[in-house]
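Everything below concerns the one structure shown next.
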Amino acid sequence: MPLPKLDQIEQDFAVLDDWEDRYRYIIELGRELPPFEEAYRTSANKVQGCASQVWLKSFVTENGQPRLSFTGESDALIVRGLIAIAFALFSGQTAQKIIGTDAEKALGRLQLTDHLTPQRSNGFKSLIQRIKEEARQAMGAEASARQS
């Protein structure tokens with residue numbers, strides 16, 4: 001089953017009145033992440049700045065402009081859910097859109113930063129920065145290919 005988009009997550013959050021229910025929902029989102037291939041569990045794919053172990057692998061498809069999709073994993077259930085939320089915002093988008101997205105504003109609608117520990121919040125920001133860096137690299141690869 002595909003992960004819901006951010007708008008759907010936002011609607012689901014609105015129905016859940018208390019944060020205990022929202023945390024359970026976030027954990028469920030994490031359980032819906034596709035399995036992460038062991039071969040991707042490398043130091044190059046490890047996200048720095050996270051208290052938990054987090055891996056991110058991006059895939060770039062070209063169809064006029066680079067479009068990214070992601071797979072990810074964490075050893076912490078709540079962090080797996082945060083990965084799923086980040087993917088709901090970014091996966092399947094063009095590199096240009098990923099770079100231009102104000103993630104803080106988009107994710108602010110979920111009020112996550114108000115309810116995550118500072119450590120988790122910083123780790124989530126590190127994941128977002130890594131996704132944007134992957135998009136910048138894809139844009140750079142596209143520019144290099146055009147110049148060849």
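The way I read the labels, and the way they are meant: chains A, B, ... in the order of the structure tokens, residue 1 as the first residue of every chain, and ligand 1 as the first ligand shown, with later ones counted on from there.
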
Report as a list in words: the residues of chain A with a DSSP assignment of strand (DSSP E), based on the backbone of this structure.
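Strand (DSSP E) members of chain A, listed: Val54, Trp55, Leu56, Lys57, Ser58, Phe59, Val60, Thr61, Glu62, Pro66, Arg67, Leu68, Ser69, Phe70, Thr71, Gly72, Glu73 and Ser74 of chain A.
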
Could the residues in this selection be written to a file with all heavy atoms, as a short mmCIF file (atom, residue, chain, number, x, y, z; two decimals), in the first residue's frame?
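Ended up saving to again-v8.cif:
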```cif
data_model
loop_
_atom_site.label_atom_id
_atom_site.label_comp_id
_atom_site.auth_asym_id
_atom_site.auth_seq_id
_atom_site.Cartn_x
_atom_site.Cartn_y
_atom_site.Cartn_z
N VAL A 54 19.86 6.13 11.09
CA VAL A 54 18.95 6.45 9.97
C VAL A 54 19.73 6.30 8.67
O VAL A 54 20.85 6.81 8.55
CB VAL A 54 18.39 7.89 10.08
CG1 VAL A 54 17.52 8.23 8.87
CG2 VAL A 54 17.60 8.06 11.36
N TRP A 55 19.11 5.59 7.72
CA TRP A 55 19.69 5.44 6.39
C TRP A 55 18.71 5.97 5.37
O TRP A 55 17.50 5.81 5.51
CB TRP A 55 19.99 3.97 6.08
CG TRP A 55 21.08 3.42 6.94
CD1 TRP A 55 22.42 3.40 6.68
CD2 TRP A 55 20.92 2.76 8.20
NE1 TRP A 55 23.10 2.80 7.71
CE2 TRP A 55 22.21 2.39 8.65
CE3 TRP A 55 19.82 2.45 9.00
CZ2 TRP A 55 22.42 1.73 9.84
CZ3 TRP A 55 20.03 1.80 10.19
CH2 TRP A 55 21.32 1.44 10.61
N LEU A 56 19.24 6.59 4.32
CA LEU A 56 18.44 7.14 3.24
C LEU A 56 19.10 6.80 1.92
O LEU A 56 20.29 7.02 1.75
CB LEU A 56 18.34 8.66 3.38
CG LEU A 56 17.64 9.39 2.23
CD1 LEU A 56 16.13 9.17 2.31
CD2 LEU A 56 17.96 10.87 2.26
N LYS A 57 18.33 6.25 1.01
CA LYS A 57 18.81 5.95 -0.34
C LYS A 57 17.88 6.64 -1.31
O LYS A 57 16.66 6.50 -1.22
CB LYS A 57 18.82 4.44 -0.57
CG LYS A 57 19.14 4.00 -1.98
CD LYS A 57 20.60 4.15 -2.30
CE LYS A 57 20.88 3.57 -3.69
NZ LYS A 57 21.86 4.34 -4.41
N SER A 58 18.46 7.43 -2.22
CA SER A 58 17.63 8.11 -3.21
C SER A 58 17.79 7.46 -4.57
O SER A 58 18.82 6.85 -4.87
CB SER A 58 17.99 9.59 -3.29
OG SER A 58 19.31 9.76 -3.73
N PHE A 59 16.76 7.59 -5.37
CA PHE A 59 16.74 7.07 -6.73
C PHE A 59 16.29 8.22 -7.62
O PHE A 59 15.31 8.89 -7.32
CB PHE A 59 15.77 5.90 -6.86
CG PHE A 59 16.09 4.77 -5.93
CD1 PHE A 59 15.52 4.72 -4.67
CD2 PHE A 59 16.97 3.77 -6.31
CE1 PHE A 59 15.84 3.69 -3.80
CE2 PHE A 59 17.29 2.74 -5.45
CZ PHE A 59 16.72 2.70 -4.19
N VAL A 60 17.03 8.45 -8.70
CA VAL A 60 16.74 9.56 -9.59
C VAL A 60 16.29 9.01 -10.93
O VAL A 60 16.94 8.14 -11.51
CB VAL A 60 17.98 10.46 -9.79
CG1 VAL A 60 17.67 11.62 -10.72
CG2 VAL A 60 18.51 10.96 -8.45
N THR A 61 15.16 9.51 -11.40
CA THR A 61 14.70 9.19 -12.75
C THR A 61 14.70 10.49 -13.55
O THR A 61 14.44 11.56 -13.01
CB THR A 61 13.29 8.56 -12.76
OG1 THR A 61 12.40 9.43 -12.08
CG2 THR A 61 13.29 7.21 -12.08
N GLU A 62 15.03 10.37 -14.81
CA GLU A 62 15.07 11.54 -15.68
C GLU A 62 13.89 11.47 -16.65
O GLU A 62 13.68 10.46 -17.29
CB GLU A 62 16.37 11.55 -16.50
CG GLU A 62 17.62 11.71 -15.68
CD GLU A 62 17.82 13.13 -15.17
OE1 GLU A 62 17.28 14.07 -15.77
OE2 GLU A 62 18.52 13.27 -14.17
N PRO A 66 15.26 15.88 -13.33
CA PRO A 66 15.40 14.80 -12.36
C PRO A 66 14.25 14.77 -11.35
O PRO A 66 13.82 15.81 -10.86
CB PRO A 66 16.73 15.09 -11.67
CG PRO A 66 17.09 16.49 -12.01
CD PRO A 66 16.33 16.86 -13.23
N ARG A 67 13.77 13.57 -11.11
CA ARG A 67 12.70 13.33 -10.14
C ARG A 67 13.25 12.29 -9.15
O ARG A 67 13.86 11.31 -9.56
CB ARG A 67 11.47 12.80 -10.87
CG ARG A 67 10.26 12.60 -10.01
CD ARG A 67 9.05 12.23 -10.85
NE ARG A 67 8.65 13.28 -11.77
CZ ARG A 67 7.85 14.30 -11.46
NH1 ARG A 67 7.35 14.41 -10.25
NH2 ARG A 67 7.54 15.20 -12.37
N LEU A 68 13.04 12.52 -7.86
CA LEU A 68 13.62 11.65 -6.85
C LEU A 68 12.56 10.85 -6.11
O LEU A 68 11.46 11.34 -5.85
CB LEU A 68 14.41 12.46 -5.82
CG LEU A 68 15.76 12.99 -6.29
CD1 LEU A 68 15.62 14.25 -7.10
CD2 LEU A 68 16.69 13.22 -5.13
N SER A 69 12.93 9.64 -5.79
CA SER A 69 12.15 8.82 -4.87
C SER A 69 13.15 8.27 -3.85
O SER A 69 14.36 8.28 -4.09
CB SER A 69 11.41 7.71 -5.59
OG SER A 69 12.31 6.87 -6.27
N PHE A 70 12.64 7.82 -2.73
CA PHE A 70 13.52 7.46 -1.62
C PHE A 70 13.08 6.17 -0.96
O PHE A 70 11.92 5.79 -1.00
CB PHE A 70 13.49 8.57 -0.55
CG PHE A 70 13.84 9.93 -1.07
CD1 PHE A 70 12.86 10.81 -1.48
CD2 PHE A 70 15.16 10.32 -1.17
CE1 PHE A 70 13.17 12.06 -1.97
CE2 PHE A 70 15.48 11.58 -1.67
CZ PHE A 70 14.49 12.45 -2.06
N THR A 71 14.05 5.54 -0.32
CA THR A 71 13.78 4.46 0.61
C THR A 71 14.59 4.78 1.85
O THR A 71 15.64 5.43 1.77
CB THR A 71 14.12 3.07 0.01
OG1 THR A 71 13.72 2.06 0.94
CG2 THR A 71 15.59 2.93 -0.31
N GLY A 72 14.09 4.38 2.99
CA GLY A 72 14.79 4.71 4.23
C GLY A 72 14.49 3.73 5.33
O GLY A 72 13.58 2.91 5.24
N GLU A 73 15.28 3.86 6.39
CA GLU A 73 15.18 2.93 7.51
C GLU A 73 15.72 3.60 8.77
O GLU A 73 16.59 4.47 8.68
CB GLU A 73 16.00 1.68 7.19
CG GLU A 73 16.09 0.65 8.29
CD GLU A 73 14.77 -0.01 8.59
OE1 GLU A 73 13.98 0.60 9.33
OE2 GLU A 73 14.53 -1.11 8.11
N SER A 74 15.20 3.19 9.90
CA SER A 74 15.74 3.61 11.19
C SER A 74 15.56 2.48 12.19
O SER A 74 14.67 1.64 12.03
CB SER A 74 15.03 4.86 11.71
OG SER A 74 15.52 5.19 12.99
#
```

Show which residues sit within 8 Å of region 98-105 of chain A, as an mmCIF file with N, CA and C atoms, in the first residue's frame. Count only C-alpha atoms, and ignore same-chain residues fewer than 3 positions away.
```cif
data_model
loop_
_atom_site.group_PDB
_atom_site.id
_atom_site.type_symbol
_atom_site.label_atom_id
_atom_site.label_comp_id
_atom_site.auth_asym_id
_atom_site.auth_seq_id
_atom_site.Cartn_x
_atom_site.Cartn_y
_atom_site.Cartn_z
ATOM 1 N N LEU A 89 6.157 14.124 1.820
ATOM 2 C CA LEU A 89 6.366 15.472 1.326
ATOM 3 C C LEU A 89 7.236 15.491 0.070
ATOM 4 N N PHE A 90 8.266 14.654 0.019
ATOM 5 C CA PHE A 90 9.283 14.791 -1.023
ATOM 6 C C PHE A 90 9.329 13.693 -2.084
ATOM 7 N N GLN A 93 8.843 13.793 -6.213
ATOM 8 C CA GLN A 93 8.880 15.189 -6.661
ATOM 9 C C GLN A 93 10.126 15.439 -7.512
ATOM 10 N N THR A 94 10.078 16.500 -8.301
ATOM 11 C CA THR A 94 11.262 16.879 -9.067
ATOM 12 C C THR A 94 12.296 17.452 -8.096
ATOM 13 N N ALA A 95 13.563 17.355 -8.492
ATOM 14 C CA ALA A 95 14.638 17.902 -7.670
ATOM 15 C C ALA A 95 14.405 19.387 -7.418
ATOM 16 N N GLY A 108 5.174 22.231 9.483
ATOM 17 C CA GLY A 108 4.684 22.994 10.621
ATOM 18 C C GLY A 108 3.194 22.818 10.838
ATOM 19 N N ARG A 109 2.487 22.553 9.753
ATOM 20 C CA ARG A 109 1.033 22.333 9.863
ATOM 21 C C ARG A 109 0.724 21.113 10.729
ATOM 22 N N ILE A 128 15.784 16.019 6.436
ATOM 23 C CA ILE A 128 15.276 16.950 5.415
ATOM 24 C C ILE A 128 16.444 17.581 4.648
ATOM 25 N N ILE A 131 17.832 15.069 2.213
ATOM 26 C CA ILE A 131 16.953 14.918 1.047
ATOM 27 C C ILE A 131 17.179 16.079 0.078
ATOM 28 N N LYS A 132 17.264 17.295 0.610
ATOM 29 C CA LYS A 132 17.497 18.462 -0.249
ATOM 30 C C LYS A 132 18.877 18.400 -0.897
ATOM 31 N N ALA A 135 18.732 16.150 -3.787
ATOM 32 C CA ALA A 135 18.079 16.845 -4.916
ATOM 33 C C ALA A 135 19.066 17.787 -5.604
ATOM 34 N N ARG A 136 19.878 18.496 -4.813
ATOM 35 C CA ARG A 136 20.889 19.385 -5.407
ATOM 36 C C ARG A 136 21.896 18.586 -6.228
#
```

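Distances to Asp12 (chain A) were evaluated for A:Gly64, A:Ala86, A:Leu110, A:Ser91 using only C-alpha atoms, and the minimum falls at A:Leu110.
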